[in-house]
$ cat final_6.cif   # mmCIF, C-alpha atoms
data_work
loop_
_atom_site.label_atom_id
_atom_site.label_comp_id
_atom_site.auth_asym_id
_atom_site.auth_seq_id
_atom_site.Cartn_x
_atom_site.Cartn_y
_atom_site.Cartn_z
CA MET A 289 31.21 68.64 -65.57
CA PRO A 290 27.53 67.89 -65.27
CA LEU A 291 28.38 64.25 -64.44
CA LEU A 292 30.80 65.23 -61.67
CA LYS A 293 28.22 67.57 -60.19
CA THR A 294 25.60 64.86 -60.18
CA LEU A 295 27.87 62.37 -58.39
CA THR A 296 28.77 64.96 -55.77
CA LEU A 297 25.11 65.69 -54.98
CA LEU A 298 24.33 61.99 -54.73
CA PHE A 299 27.20 61.43 -52.26
CA LEU A 300 26.03 64.32 -50.06
CA ALA A 301 22.46 62.93 -49.99
CA ILE A 302 23.66 59.52 -48.85
CA LEU A 303 25.85 61.07 -46.15
CA VAL A 304 22.97 63.15 -44.77
CA GLY A 305 20.69 60.07 -44.71
CA CYS A 306 23.18 58.06 -42.69
CA LYS A 307 23.56 60.81 -40.07
CA GLY A 308 19.80 61.17 -39.69
CA SER A 309 19.23 57.46 -38.74
CA SER A 310 20.42 56.03 -35.33
CA ALA A 311 20.06 52.59 -33.44
CA PRO A 312 17.07 52.28 -31.04
CA SER A 313 17.82 52.74 -27.33
CA ALA A 314 17.73 49.86 -24.81
CA ALA A 315 14.40 51.14 -23.47
CA GLU A 316 12.90 50.91 -26.97
CA GLN A 317 13.95 47.20 -27.42
CA GLU A 318 11.21 44.54 -27.04
CA LEU A 319 11.34 42.73 -23.65
CA PRO A 320 11.76 38.91 -23.75
CA LYS A 321 8.52 37.09 -22.94
CA VAL A 322 8.80 34.38 -20.28
CA THR A 323 6.48 32.17 -18.21
CA THR A 324 6.79 32.07 -14.42
CA VAL A 325 5.29 30.18 -11.48
CA GLN A 326 5.27 30.96 -7.79
CA VAL A 327 7.42 28.88 -5.47
CA ALA A 328 4.97 26.58 -3.68
CA GLU A 329 5.16 25.44 -0.07
CA ARG A 330 3.73 21.95 0.33
CA GLU A 331 3.76 19.20 2.93
CA THR A 332 6.09 16.33 2.08
CA THR A 333 8.10 13.53 3.65
CA ASP A 334 11.66 12.42 3.01
CA VAL A 335 11.75 8.98 1.45
CA ASP A 336 14.23 6.37 0.24
CA GLU A 337 13.56 4.62 -3.05
CA TYR A 338 14.61 1.12 -4.10
CA THR A 339 14.02 -1.35 -6.91
CA GLY A 340 12.54 -4.66 -5.81
CA SER A 341 11.06 -7.84 -7.24
CA THR A 342 7.77 -9.48 -6.31
CA GLN A 343 7.42 -13.01 -4.98
CA PRO A 344 4.23 -14.94 -4.12
CA SER A 345 3.88 -15.68 -0.42
CA GLN A 346 3.27 -19.35 -1.32
CA ALA A 347 4.22 -21.31 -4.43
CA VAL A 348 3.68 -25.05 -4.91
CA GLU A 349 4.48 -27.41 -7.77
CA VAL A 350 1.70 -29.95 -8.25
CA ARG A 351 3.24 -33.31 -9.20
CA SER A 352 1.90 -36.80 -9.72
CA GLN A 353 2.57 -39.22 -6.86
CA VAL A 354 1.56 -42.38 -8.77
CA TYR A 355 2.14 -43.87 -12.21
CA GLY A 356 -0.80 -44.15 -14.59
CA VAL A 357 -2.96 -42.63 -17.30
CA LEU A 358 -4.25 -39.11 -16.66
CA LYS A 359 -8.01 -39.42 -17.10
CA THR A 360 -9.51 -36.04 -16.12
CA VAL A 361 -8.44 -32.42 -15.70
CA LYS A 362 -10.91 -30.69 -13.37
CA PHE A 363 -9.91 -27.02 -13.36
CA THR A 364 -9.80 -24.00 -15.68
CA ASP A 365 -6.40 -22.57 -16.59
CA GLY A 366 -5.57 -19.50 -14.52
CA ALA A 367 -8.55 -19.90 -12.15
CA ASP A 368 -8.59 -19.46 -8.38
CA VAL A 369 -8.66 -22.73 -6.45
CA ALA A 370 -9.10 -23.56 -2.78
CA ALA A 371 -7.01 -26.00 -0.77
CA GLY A 372 -8.50 -29.48 -1.19
CA ASP A 373 -10.09 -28.89 -4.61
CA GLU A 374 -9.75 -31.85 -6.98
CA LEU A 375 -7.45 -30.99 -9.89
CA TYR A 376 -6.65 -34.27 -11.67
CA ILE A 377 -7.89 -37.86 -11.75
CA ILE A 378 -5.36 -40.60 -12.57
CA ASP A 379 -6.80 -43.98 -13.60
CA PRO A 380 -7.42 -45.74 -10.24
CA GLU A 381 -8.49 -49.21 -11.45
CA GLU A 382 -5.13 -50.94 -11.02
CA TYR A 383 -4.56 -49.35 -7.59
CA GLN A 384 -8.11 -50.30 -6.53
CA ALA A 385 -7.42 -53.93 -7.44
CA ILE A 386 -4.10 -53.94 -5.57
CA HIS A 387 -5.77 -52.47 -2.51
CA ASN A 388 -8.58 -55.02 -2.62
CA GLN A 389 -5.94 -57.74 -2.74
CA SER A 390 -4.32 -56.28 0.39
CA LEU A 391 -7.65 -56.29 2.18
CA ALA A 392 -8.26 -59.92 1.21
CA ARG A 393 -4.84 -60.86 2.56
CA ILE A 394 -5.82 -59.42 5.92
CA ASN A 395 -8.94 -61.59 6.01
CA LEU A 396 -6.89 -64.64 5.04
CA HIS A 397 -4.43 -64.16 7.92
CA ASP A 398 -7.29 -63.35 10.27
CA ALA A 399 -8.95 -66.69 9.45
CA GLN A 400 -5.66 -68.51 9.97
CA LEU A 401 -5.32 -66.80 13.34
CA GLU A 402 -8.69 -68.15 14.45
CA VAL A 403 -7.63 -71.70 13.47
CA ASN A 404 -4.34 -71.37 15.34
CA LYS A 405 -6.08 -70.02 18.43
CA ALA A 406 -8.47 -72.99 18.46
CA LYS A 407 -5.57 -75.42 18.06
CA LEU A 408 -3.73 -73.73 20.94
CA ALA A 409 -6.78 -74.00 23.19
CA ARG A 410 -7.08 -77.76 22.55
CA ARG A 411 -3.38 -78.43 23.14
CA ALA A 412 -3.47 -76.37 26.30
CA GLN A 413 -5.96 -78.91 27.73
CA LEU A 414 -4.17 -81.97 26.35
CA VAL A 415 -0.74 -80.98 27.58
CA LYS A 416 -2.00 -81.17 31.16
CA SER A 417 -2.91 -84.82 30.75
CA GLY A 418 0.20 -85.62 28.76
CA ALA A 419 -1.73 -86.39 25.56
CA VAL A 420 0.48 -83.97 23.66
CA SER A 421 4.06 -83.05 24.24
CA LYS A 422 5.23 -79.70 25.55
CA GLU A 423 6.97 -79.09 22.23
CA GLU A 424 3.66 -79.40 20.34
CA TYR A 425 2.05 -76.97 22.76
CA GLU A 426 4.83 -74.45 22.23
CA GLU A 427 4.50 -74.83 18.46
CA ALA A 428 0.82 -73.92 18.76
CA ILE A 429 1.74 -70.75 20.68
CA ALA A 430 4.27 -69.83 17.99
CA ASP A 431 1.65 -70.36 15.25
CA VAL A 432 -0.71 -67.90 16.96
CA LYS A 433 2.02 -65.26 17.25
CA SER A 434 3.02 -65.80 13.63
CA SER A 435 -0.55 -65.26 12.47
CA GLU A 436 -0.84 -62.07 14.51
CA ALA A 437 2.39 -60.77 12.96
CA SER A 438 1.15 -61.66 9.50
CA ILE A 439 -2.03 -59.65 10.12
CA GLU A 440 -0.01 -56.59 11.19
CA ALA A 441 2.14 -56.87 8.06
CA ALA A 442 -0.95 -57.19 5.88
CA LYS A 443 -2.48 -54.11 7.52
CA ALA A 444 0.67 -52.10 6.85
CA ASP A 445 0.63 -53.20 3.22
CA ALA A 446 -3.06 -52.21 2.96
CA SER A 447 -2.22 -48.75 4.30
CA ARG A 448 0.43 -48.33 1.62
CA THR A 449 -1.91 -49.41 -1.17
CA TYR A 450 -4.59 -47.09 0.25
CA ILE A 451 -2.19 -44.12 -0.02
CA ASP A 452 -1.44 -44.98 -3.65
CA LEU A 453 -5.15 -45.26 -4.38
CA LYS A 454 -5.90 -41.94 -2.68
CA ASN A 455 -3.11 -40.24 -4.65
CA CYS A 456 -4.97 -41.05 -7.85
CA VAL A 457 -7.01 -37.96 -7.00
CA VAL A 458 -4.63 -34.99 -7.16
CA LYS A 459 -5.86 -32.15 -4.93
CA ALA A 460 -4.78 -28.53 -4.50
CA PRO A 461 -2.35 -28.32 -1.53
CA ILE A 462 -2.92 -24.55 -1.04
CA SER A 463 -5.41 -21.87 -2.03
CA GLY A 464 -4.37 -19.49 -4.78
CA ARG A 465 -4.22 -18.94 -8.52
CA ILE A 466 -3.43 -21.99 -10.60
CA ASP A 467 -1.27 -21.95 -13.71
CA LYS A 468 -2.18 -23.55 -17.02
CA ASN A 469 -2.41 -27.33 -17.31
CA TYR A 470 0.93 -28.81 -18.35
CA VAL A 471 -0.26 -32.35 -19.26
CA SER A 472 -3.31 -33.20 -21.35
CA ALA A 473 -5.73 -35.96 -20.40
CA GLY A 474 -4.77 -39.33 -21.91
CA ASN A 475 -1.03 -39.01 -21.28
CA ILE A 476 0.87 -41.33 -18.96
CA VAL A 477 2.31 -39.65 -15.88
CA THR A 478 5.01 -40.96 -13.58
CA GLY A 479 5.04 -40.95 -9.79
CA GLY A 480 7.54 -40.34 -7.04
CA GLN A 481 8.32 -37.96 -4.22
CA GLY A 482 10.54 -35.66 -6.30
CA SER A 483 10.55 -37.14 -9.78
CA GLY A 484 6.81 -37.23 -10.46
CA THR A 485 5.44 -35.55 -13.56
CA LEU A 486 4.95 -31.80 -13.09
CA LEU A 487 1.25 -31.17 -13.74
CA THR A 488 0.83 -27.48 -12.88
CA LYS A 489 1.74 -24.80 -10.32
CA ILE A 490 -0.26 -22.85 -7.73
CA VAL A 491 0.76 -19.50 -6.26
CA ASN A 492 -0.82 -17.57 -3.41
CA GLU A 493 -0.69 -13.88 -4.33
CA GLN A 494 -2.48 -12.58 -1.24
CA PRO A 495 -0.34 -11.31 0.31
CA MET A 496 2.48 -10.62 -2.11
CA TRP A 497 6.10 -10.32 -0.99
CA VAL A 498 8.59 -7.79 -2.40
CA ASN A 499 12.32 -8.40 -1.89
CA PHE A 500 14.89 -5.62 -2.20
CA ASP A 501 18.47 -4.89 -1.12
CA VAL A 502 19.26 -2.10 1.36
CA ASP A 503 22.63 -0.76 2.44
CA GLU A 504 23.72 -1.32 6.04
CA ARG A 505 23.16 2.25 7.27
CA SER A 506 19.63 2.40 5.88
CA THR A 507 18.78 -0.94 7.47
CA LEU A 508 19.86 0.34 10.88
CA LYS A 509 17.95 3.57 10.31
CA TYR A 510 14.69 1.71 9.66
CA MET A 511 15.06 -0.49 12.72
CA ARG A 512 15.89 2.49 14.97
CA GLN A 513 12.80 4.48 14.02
CA ARG A 514 10.95 3.25 17.09
CA LYS A 515 12.39 4.49 20.39
CA ASP A 516 10.60 1.93 22.56
CA ILE A 517 12.61 -1.08 21.32
CA THR A 518 15.58 -2.30 23.31
CA GLN A 519 17.21 -4.31 20.54
CA LEU A 520 17.17 -4.46 16.76
CA PRO A 521 14.75 -7.23 15.72
CA GLY A 522 15.03 -9.32 12.60
CA ASN A 523 11.25 -9.37 12.24
CA LEU A 524 9.96 -5.84 11.57
CA THR A 525 6.25 -6.70 11.63
CA ALA A 526 5.79 -5.44 15.19
CA LEU A 527 7.33 -2.07 14.27
CA ASP A 528 4.60 -1.41 11.67
CA LEU A 529 6.98 0.38 9.26
CA LYS A 530 5.08 1.42 6.14
CA CYS A 531 6.32 1.38 2.56
CA PHE A 532 4.74 2.24 -0.78
CA LEU A 533 4.97 0.61 -4.21
CA LYS A 534 4.68 1.83 -7.80
CA LEU A 535 4.28 -0.36 -10.87
CA ALA A 536 6.07 0.28 -14.16
CA ASP A 537 3.08 2.05 -15.76
CA GLU A 538 2.06 4.08 -12.70
CA LYS A 539 3.05 7.61 -11.69
CA GLU A 540 2.14 7.47 -8.01
CA PHE A 541 3.18 5.12 -5.21
CA SER A 542 -0.39 4.02 -4.56
CA HIS A 543 0.11 0.51 -3.11
CA GLU A 544 0.66 0.41 0.65
CA GLY A 545 2.58 -2.34 2.42
CA THR A 546 4.61 -3.11 5.54
CA LEU A 547 8.28 -3.93 6.06
CA GLU A 548 8.35 -7.46 7.42
CA VAL A 549 11.63 -9.36 7.61
CA VAL A 550 15.33 -8.50 7.54
CA ALA A 551 17.79 -11.20 6.43
CA ASN A 552 19.85 -12.66 9.27
CA GLU A 553 23.13 -11.69 7.59
CA ALA A 554 24.45 -9.09 5.17
CA ASP A 555 26.07 -9.79 1.82
CA LYS A 556 29.85 -9.50 2.33
CA LYS A 557 30.48 -8.61 -1.30
CA THR A 558 27.93 -5.80 -1.67
CA GLY A 559 27.46 -4.71 1.95
CA THR A 560 23.70 -4.86 1.56
CA THR A 561 20.96 -6.65 3.48
CA LYS A 562 17.89 -8.18 1.89
CA ILE A 563 14.57 -6.91 3.28
CA ARG A 564 11.12 -8.27 2.55
CA ALA A 565 7.95 -6.18 2.46
CA THR A 566 4.38 -7.50 2.42
CA PHE A 567 1.52 -6.06 0.35
CA PRO A 568 -2.13 -7.21 0.73
CA ASN A 569 -2.60 -7.14 -3.07
CA LYS A 570 -6.37 -6.72 -2.76
CA ARG A 571 -6.90 -5.95 -6.46
CA LYS A 572 -4.39 -8.62 -7.54
CA MET A 573 -2.37 -6.09 -9.54
CA LEU A 574 0.90 -7.69 -8.41
CA ALA A 575 2.17 -10.92 -9.94
CA GLY A 576 5.30 -12.88 -9.12
CA GLY A 577 8.56 -11.85 -10.81
CA MET A 578 7.65 -8.19 -11.46
CA PHE A 579 10.18 -5.39 -10.98
CA VAL A 580 8.72 -2.52 -8.95
CA ARG A 581 9.79 0.75 -7.31
CA LEU A 582 9.57 1.01 -3.52
CA ARG A 583 9.41 4.18 -1.45
CA ILE A 584 10.06 4.11 2.32
CA PRO A 585 9.28 7.22 4.42
CA VAL A 586 12.24 8.16 6.63
CA SER A 587 11.01 11.41 8.25
CA LYS A 588 7.94 13.04 9.68
CA PRO A 589 5.86 15.29 7.36
CA TYR A 590 7.24 18.84 6.96
CA GLN A 591 6.69 21.92 4.76
CA ALA A 592 9.00 22.12 1.74
CA LEU A 593 9.47 24.56 -1.17
CA MET A 594 8.82 23.07 -4.63
CA ILE A 595 9.32 24.29 -8.19
CA PRO A 596 9.04 22.57 -11.60
CA GLU A 597 12.08 20.77 -12.96
CA SER A 598 11.88 22.97 -16.07
CA ALA A 599 12.84 26.04 -13.98
CA ILE A 600 16.22 24.62 -13.00
CA GLY A 601 19.32 25.43 -15.03
CA SER A 602 22.74 23.85 -14.73
CA ASN A 603 26.29 25.15 -15.07
CA LEU A 604 28.55 22.17 -14.48
CA SER A 605 27.71 21.13 -10.90
CA ILE A 606 25.98 24.40 -10.02
CA LYS A 607 22.18 24.48 -10.13
CA PHE A 608 20.43 27.83 -10.56
CA VAL A 609 17.08 29.46 -11.32
CA TYR A 610 15.98 32.89 -12.57
CA VAL A 611 13.82 34.82 -10.10
CA VAL A 612 11.70 37.69 -11.42
CA GLY A 613 11.47 40.61 -9.01
CA SER A 614 8.60 43.06 -8.52
CA ASP A 615 10.18 45.46 -11.05
CA GLY A 616 10.37 42.72 -13.71
CA THR A 617 14.13 42.20 -13.44
CA ALA A 618 15.47 38.63 -13.73
CA GLU A 619 17.92 37.60 -11.02
CA ARG A 620 20.03 34.48 -11.24
CA ARG A 621 19.88 32.52 -7.97
CA THR A 622 21.94 29.44 -6.99
CA VAL A 623 19.80 26.75 -5.30
CA THR A 624 20.28 23.49 -3.39
CA LEU A 625 18.12 20.67 -4.70
CA GLY A 626 16.21 18.10 -2.70
CA LYS A 627 14.20 15.04 -3.76
CA GLN A 628 12.02 14.86 -6.85
CA GLU A 629 8.24 14.43 -6.62
CA GLY A 630 6.78 13.84 -10.06
CA THR A 631 7.52 16.93 -12.18
CA LEU A 632 8.44 19.03 -9.14
CA ARG A 633 11.70 19.36 -7.25
CA VAL A 634 12.15 20.18 -3.58
CA ILE A 635 14.41 23.24 -3.03
CA LYS A 636 16.32 23.10 0.24
CA ASP A 637 18.05 26.49 -0.01
CA GLY A 638 18.10 29.57 -2.26
CA LEU A 639 14.40 30.45 -2.61
CA LYS A 640 11.49 31.75 -0.56
CA ALA A 641 7.80 30.91 -0.74
CA GLY A 642 5.86 33.16 -3.13
CA GLU A 643 8.81 34.16 -5.32
CA GLN A 644 8.37 33.82 -9.07
CA VAL A 645 10.76 31.63 -11.04
CA ILE A 646 11.01 31.40 -14.83
CA THR A 647 9.94 28.05 -16.30
CA LYS A 648 9.80 28.91 -20.04
CA GLY A 649 12.09 31.22 -22.02
CA LEU A 650 15.25 30.68 -19.94
CA GLN A 651 17.46 30.79 -23.05
CA ARG A 652 16.39 34.39 -23.79
CA VAL A 653 17.16 35.74 -20.30
CA ARG A 654 20.35 37.30 -18.97
CA PRO A 655 21.05 38.25 -15.32
CA GLY A 656 19.78 41.78 -14.53
CA GLN A 657 17.63 41.91 -17.65
CA LYS A 658 14.01 43.07 -17.53
CA VAL A 659 11.46 40.55 -18.80
CA GLU A 660 7.77 40.40 -19.64
CA ALA A 661 6.49 37.66 -17.32
CA LYS A 662 3.28 35.65 -17.57
CA LEU A 663 2.34 33.93 -14.30
CA GLU A 664 0.95 30.38 -14.46
CA LYS A 665 -0.58 28.24 -11.72
CA LEU A 666 1.64 25.53 -10.26
CA GLU A 667 0.10 22.06 -10.16
CA ALA A 668 1.69 20.02 -7.37
CA PRO A 669 1.24 16.28 -6.76
CA ALA A 670 -0.31 14.86 -3.64
CA PRO A 671 2.26 14.79 -0.80
CA VAL A 672 3.81 11.55 0.44
CA THR A 673 3.05 10.99 4.11
CA ILE A 674 3.65 8.36 6.74
CA GLN A 675 0.30 9.07 8.35
CA VAL A 676 -1.43 6.01 6.93
CA ASN A 677 -4.38 3.94 7.99
CA GLU A 678 -3.92 0.92 10.19
CA PRO A 679 -3.42 -2.28 8.19
CA VAL A 680 -6.55 -4.34 7.75
CA GLU A 681 -6.26 -8.08 7.92
CA GLU A 682 -7.80 -9.65 4.87
CA LYS A 683 -8.34 -13.24 3.91
CA PRO A 684 -7.47 -14.53 0.45
CA MET A 685 -10.38 -15.22 -1.86
CA GLN A 686 -11.77 -18.72 -1.40
CA PRO A 687 -13.30 -19.88 -4.69
CA LYS A 688 -16.04 -22.45 -4.81
CA PRO A 689 -14.80 -25.98 -5.38
CA THR A 690 -15.18 -27.16 -8.92
CA THR A 691 -17.52 -29.95 -9.75
CA GLY A 692 -16.94 -32.64 -12.25
CA GLU A 693 -16.53 -36.33 -12.80
CA LYS A 694 -15.77 -38.42 -9.73
CA PRO A 695 -13.12 -41.14 -9.87
CA ALA A 696 -13.99 -44.77 -9.68
CA ILE A 697 -12.83 -45.10 -6.08
CA ALA A 698 -14.90 -46.84 -3.44
CA ASN A 699 -15.23 -43.86 -1.09
CA PRO A 700 -11.62 -43.55 0.16
CA GLU A 701 -12.43 -40.74 2.61
CA ALA A 702 -15.19 -42.64 4.39
CA ALA A 703 -13.10 -45.83 4.50
CA ASN A 704 -10.10 -44.21 6.18
CA PRO A 705 -8.45 -47.06 8.07
CA GLY A 706 -7.63 -44.91 11.07
CA THR A 707 -11.18 -43.70 11.67
CA GLN A 708 -13.58 -46.62 11.00
CA PRO A 709 -13.70 -50.27 12.10
CA PRO A 710 -13.65 -53.04 9.48
CA PRO A 711 -17.04 -53.67 7.88
CA ALA A 712 -18.57 -57.08 7.48
CA ASP A 713 -17.85 -57.31 3.76
CA PRO A 714 -14.23 -56.20 3.07
CA ALA A 715 -14.64 -56.55 -0.68
CA LYS A 716 -17.04 -53.58 -0.77
CA THR A 717 -14.87 -51.12 1.08
CA LEU A 718 -11.61 -49.37 0.31
CA ASN A 719 -9.70 -49.86 3.55
CA PRO A 720 -11.20 -51.62 6.57
CA VAL A 721 -7.82 -51.98 8.28
CA PRO A 722 -7.99 -50.80 11.91
CA GLY A 723 -5.11 -48.86 13.35
CA THR A 724 -3.72 -47.51 10.07
CA PRO A 725 -2.77 -43.83 9.81
CA SER A 726 -5.60 -41.36 9.38
CA GLU A 727 -5.97 -39.32 6.22
CA ALA A 728 -4.97 -36.15 8.05
CA GLY A 729 -1.54 -37.60 8.62
CA GLN A 730 -1.06 -38.85 5.07
CA ARG A 731 0.21 -36.92 2.13
#

$ encode --input "final_6.cif" --output "structure tokens"
Amino acid sequence: MPLLKTLTLLFLAILVGCKGSSAPSAAEQELPKVTTVQVAERETTDVDEYTGSTQPSQAVEVRSQVYGVLKTVKFTDGADVAAGDELYIIDPEEYQAIHNQSLARINLHDAQLEVNKAKLARRAQLVKSGAVSKEEYEEAIADVKSSEASIEAAKADASRTYIDLKNCVVKAPISGRIDKNYVSAGNIVTGGQGSGTLLTKIVNEQPMWVNFDVDERSTLKYMRQRKDITQLPGNLTALDLKCFLKLADEKEFSHEGTLEVVANEADKKTGTTKIRATFPNKRKMLAGGMFVRLRIPVSKPYQALMIPESAIGSNLSIKFVYVVGSDGTAERRTVTLGKQEGTLRVIKDGLKAGEQVITKGLQRVRPGQKVEAKLEKLEAPAPVTIQVNEPVEEKPMQPKPTTGEKPAIANPEAANPGTQPPPADPAKTLNPVPGTPSEAGQR
């Protein structure tokens, strides 16, 4: 009996305890803590973005034009060179000897011409008296003409040997940045117009070109941006259409350039047209063969609403945000997205300036639920605008010519056959041949 009574009292105590405790009301529950920002209204510009590749505006392969031993390399790998700087010296001794032989041959034929002229003068007097026959007189005339032709042939040969001798000094054909040296001094190099030994390369990186493919509609849109044109030009330079470039490790499109040339035909397979843009490349940050991002403004600046990407939720194809009202209630709002600018996204429809959207704690929020919001300041990037400065024409850097050992050539520039008459002593000059092509016309 006492045991039964004890169990009954214990059961009644448990039952009373359960009735006395109840679940907390909704008002007593802790509100979810979230972070919000205000919808910002900033100036922006609609842009198109493309991927392009860089290309130097000039690129030249430096090759040997003559056969011989490479004696001297006169530049530093990767340095800036100016057009006309001496780069290599190929042993000129054999070509100097051949050229001297050509000059001597001219003097030999010139002496023979003087003899033949004297013989012709004597026979011209004797033929009148009948002392010599008419046939002998005509032979003397033919000898004079033959000597004159021999002199012209010798002069032409001297011009050829002069070109070979001059090509022993390999000079920079353009200004720009030179590559490393491909052939060490002491090696034998071959010559030829297209088969000569490749010695190095020079590229002009100021300006730098960027090539990219654009669909047909976008191409027409860019060329129609100016209302004062009567036809669509292939050269866009006169339209002054700006574009901006971003490198792989950069966040902003900080390099400014100009759309320049549109290809004269579209690709039938892809339906795209290749466009080339030009960038001054003042700081030489661009090198050939780089892949870059291009941004082309396609509208005038306007005010747009922006929010962080972290505030945007997704339900299949529907994009939404949570807006916190003045009473602290979270409202789910469907939005229409625009372009992305850094960490921000342009909102075309669904929000108003000044409204607060939740950026942190979205997973704890339900529509119509009250929240405890903490407002943070929105950091927006600098707006993209087409109001840019006028392009400034700049000249590529002209480095000082390098100095070094001079080749053993008897002053080929001063002895240019097309600019100076023959000196008295042909053995001491490079090319005394009158009437040969000037250096400006030679390769």

$ residues_near_point --input "final_6.cif" --point "(13.5, -9.3, 0.9)" --cutoff "6 Å" --atoms "all atoms listed in the file" --output "list in words"
Asn499, Phe500, Lys562, Ile563 and Arg564 of chain A

$ residues_around --input "final_6.cif" --residues "Lys607 (chain A)" --least-positions-apart "6" --cutoff "9 Å" --atoms "all atoms listed in the file" --output "ChimeraX atom specification"
/A:600-601,621-625

$ write_last_selection --input "final_6.cif" --atoms "C-alpha atoms" --output "PDB file, in the coordinates of the input"
ATOM      1  CA  ILE A 600      16.220  24.620 -13.000  1.00  0.00           C
ATOM      2  CA  GLY A 601      19.320  25.430 -15.030  1.00  0.00           C
ATOM      3  CA  ARG A 621      19.880  32.520  -7.970  1.00  0.00           C
ATOM      4  CA  THR A 622      21.940  29.440  -6.990  1.00  0.00           C
ATOM      5  CA  VAL A 623      19.800  26.750  -5.300  1.00  0.00           C
ATOM      6  CA  THR A 624      20.280  23.490  -3.390  1.00  0.00           C
ATOM      7  CA  LEU A 625      18.120  20.670  -4.700  1.00  0.00           C
TER       8      LEU A 625
END

$ atom_distance --input "final_6.cif" --atom1 "CA of Leu547 (chain A)" --atom2 "CA of Gly464 (chain A)"
22.8 Å

$ resolve_selection --input "final_6.cif" --expression "the PyMOL selection byres ((chain A and resi 555-559) around 9)" --output "PyMOL selection string"
chain A and resi 502-504+553-554+560-562

$ resolve_selection --input "final_6.cif" --expression "the PyMOL selection byres ((chain A and resi 386-390) around 8)" --output "list in words"
Glu382, Tyr383, Gln384, Ala385, Leu391, Ala392, Arg393, Ile394, Ala442, Lys443, Asp445, Ala446, Thr449, Tyr450, Leu453, Ala715, Leu718 and Asn719 of chain A

$ decode --input "final_6.cif" --residues "region 359-363 of chain A" --atoms "all heavy atoms" --output "JSON list (two decimals), in the first residue's frame"
[["chain", "number", "residue", "atom", "x", "y", "z"],
["A", 359, "LYS", "N", 80.90, 38.48, -86.39],
["A", 359, "LYS", "CA", 82.00, 38.95, -85.58],
["A", 359, "LYS", "C", 81.53, 39.64, -84.30],
["A", 359, "LYS", "O", 82.10, 39.41, -83.23],
["A", 359, "LYS", "CB", 82.87, 39.94, -86.38],
["A", 359, "LYS", "CG", 83.61, 39.32, -87.55],
["A", 359, "LYS", "CD", 84.60, 40.29, -88.16],
["A", 359, "LYS", "CE", 85.68, 40.68, -87.16],
["A", 359, "LYS", "NZ", 86.69, 41.58, -87.77],
["A", 360, "THR", "N", 80.52, 40.51, -84.37],
["A", 360, "THR", "CA", 80.16, 41.35, -83.23],
["A", 360, "THR", "C", 78.65, 41.44, -83.08],
["A", 360, "THR", "O", 77.93, 41.57, -84.07],
["A", 360, "THR", "CB", 80.73, 42.78, -83.40],
["A", 360, "THR", "OG1", 82.13, 42.69, -83.70],
["A", 360, "THR", "CG2", 80.53, 43.60, -82.14],
["A", 361, "VAL", "N", 78.20, 41.37, -81.84],
["A", 361, "VAL", "CA", 76.81, 41.66, -81.48],
["A", 361, "VAL", "C", 76.82, 42.97, -80.70],
["A", 361, "VAL", "O", 77.47, 43.07, -79.65],
["A", 361, "VAL", "CB", 76.19, 40.53, -80.64],
["A", 361, "VAL", "CG1", 74.75, 40.86, -80.28],
["A", 361, "VAL", "CG2", 76.27, 39.21, -81.39],
["A", 362, "LYS", "N", 76.07, 43.98, -81.17],
["A", 362, "LYS", "CA", 76.21, 45.33, -80.64],
["A", 362, "LYS", "C", 74.97, 45.84, -79.92],
["A", 362, "LYS", "O", 74.70, 47.03, -79.91],
["A", 362, "LYS", "CB", 76.58, 46.29, -81.78],
["A", 362, "LYS", "CG", 77.81, 45.88, -82.56],
["A", 362, "LYS", "CD", 78.22, 46.91, -83.56],
["A", 362, "LYS", "CE", 78.71, 48.18, -82.89],
["A", 362, "LYS", "NZ", 79.21, 49.16, -83.87],
["A", 363, "PHE", "N", 74.18, 44.96, -79.32],
["A", 363, "PHE", "CA", 73.01, 45.41, -78.58],
["A", 363, "PHE", "C", 72.83, 44.55, -77.34],
["A", 363, "PHE", "O", 73.43, 43.47, -77.22],
["A", 363, "PHE", "CB", 71.74, 45.35, -79.45],
["A", 363, "PHE", "CG", 71.32, 43.96, -79.84],
["A", 363, "PHE", "CD1", 70.44, 43.23, -79.04],
["A", 363, "PHE", "CD2", 71.81, 43.36, -80.99],
["A", 363, "PHE", "CE1", 70.05, 41.94, -79.39],
["A", 363, "PHE", "CE2", 71.44, 42.07, -81.34],
["A", 363, "PHE", "CZ", 70.56, 41.37, -80.54]]
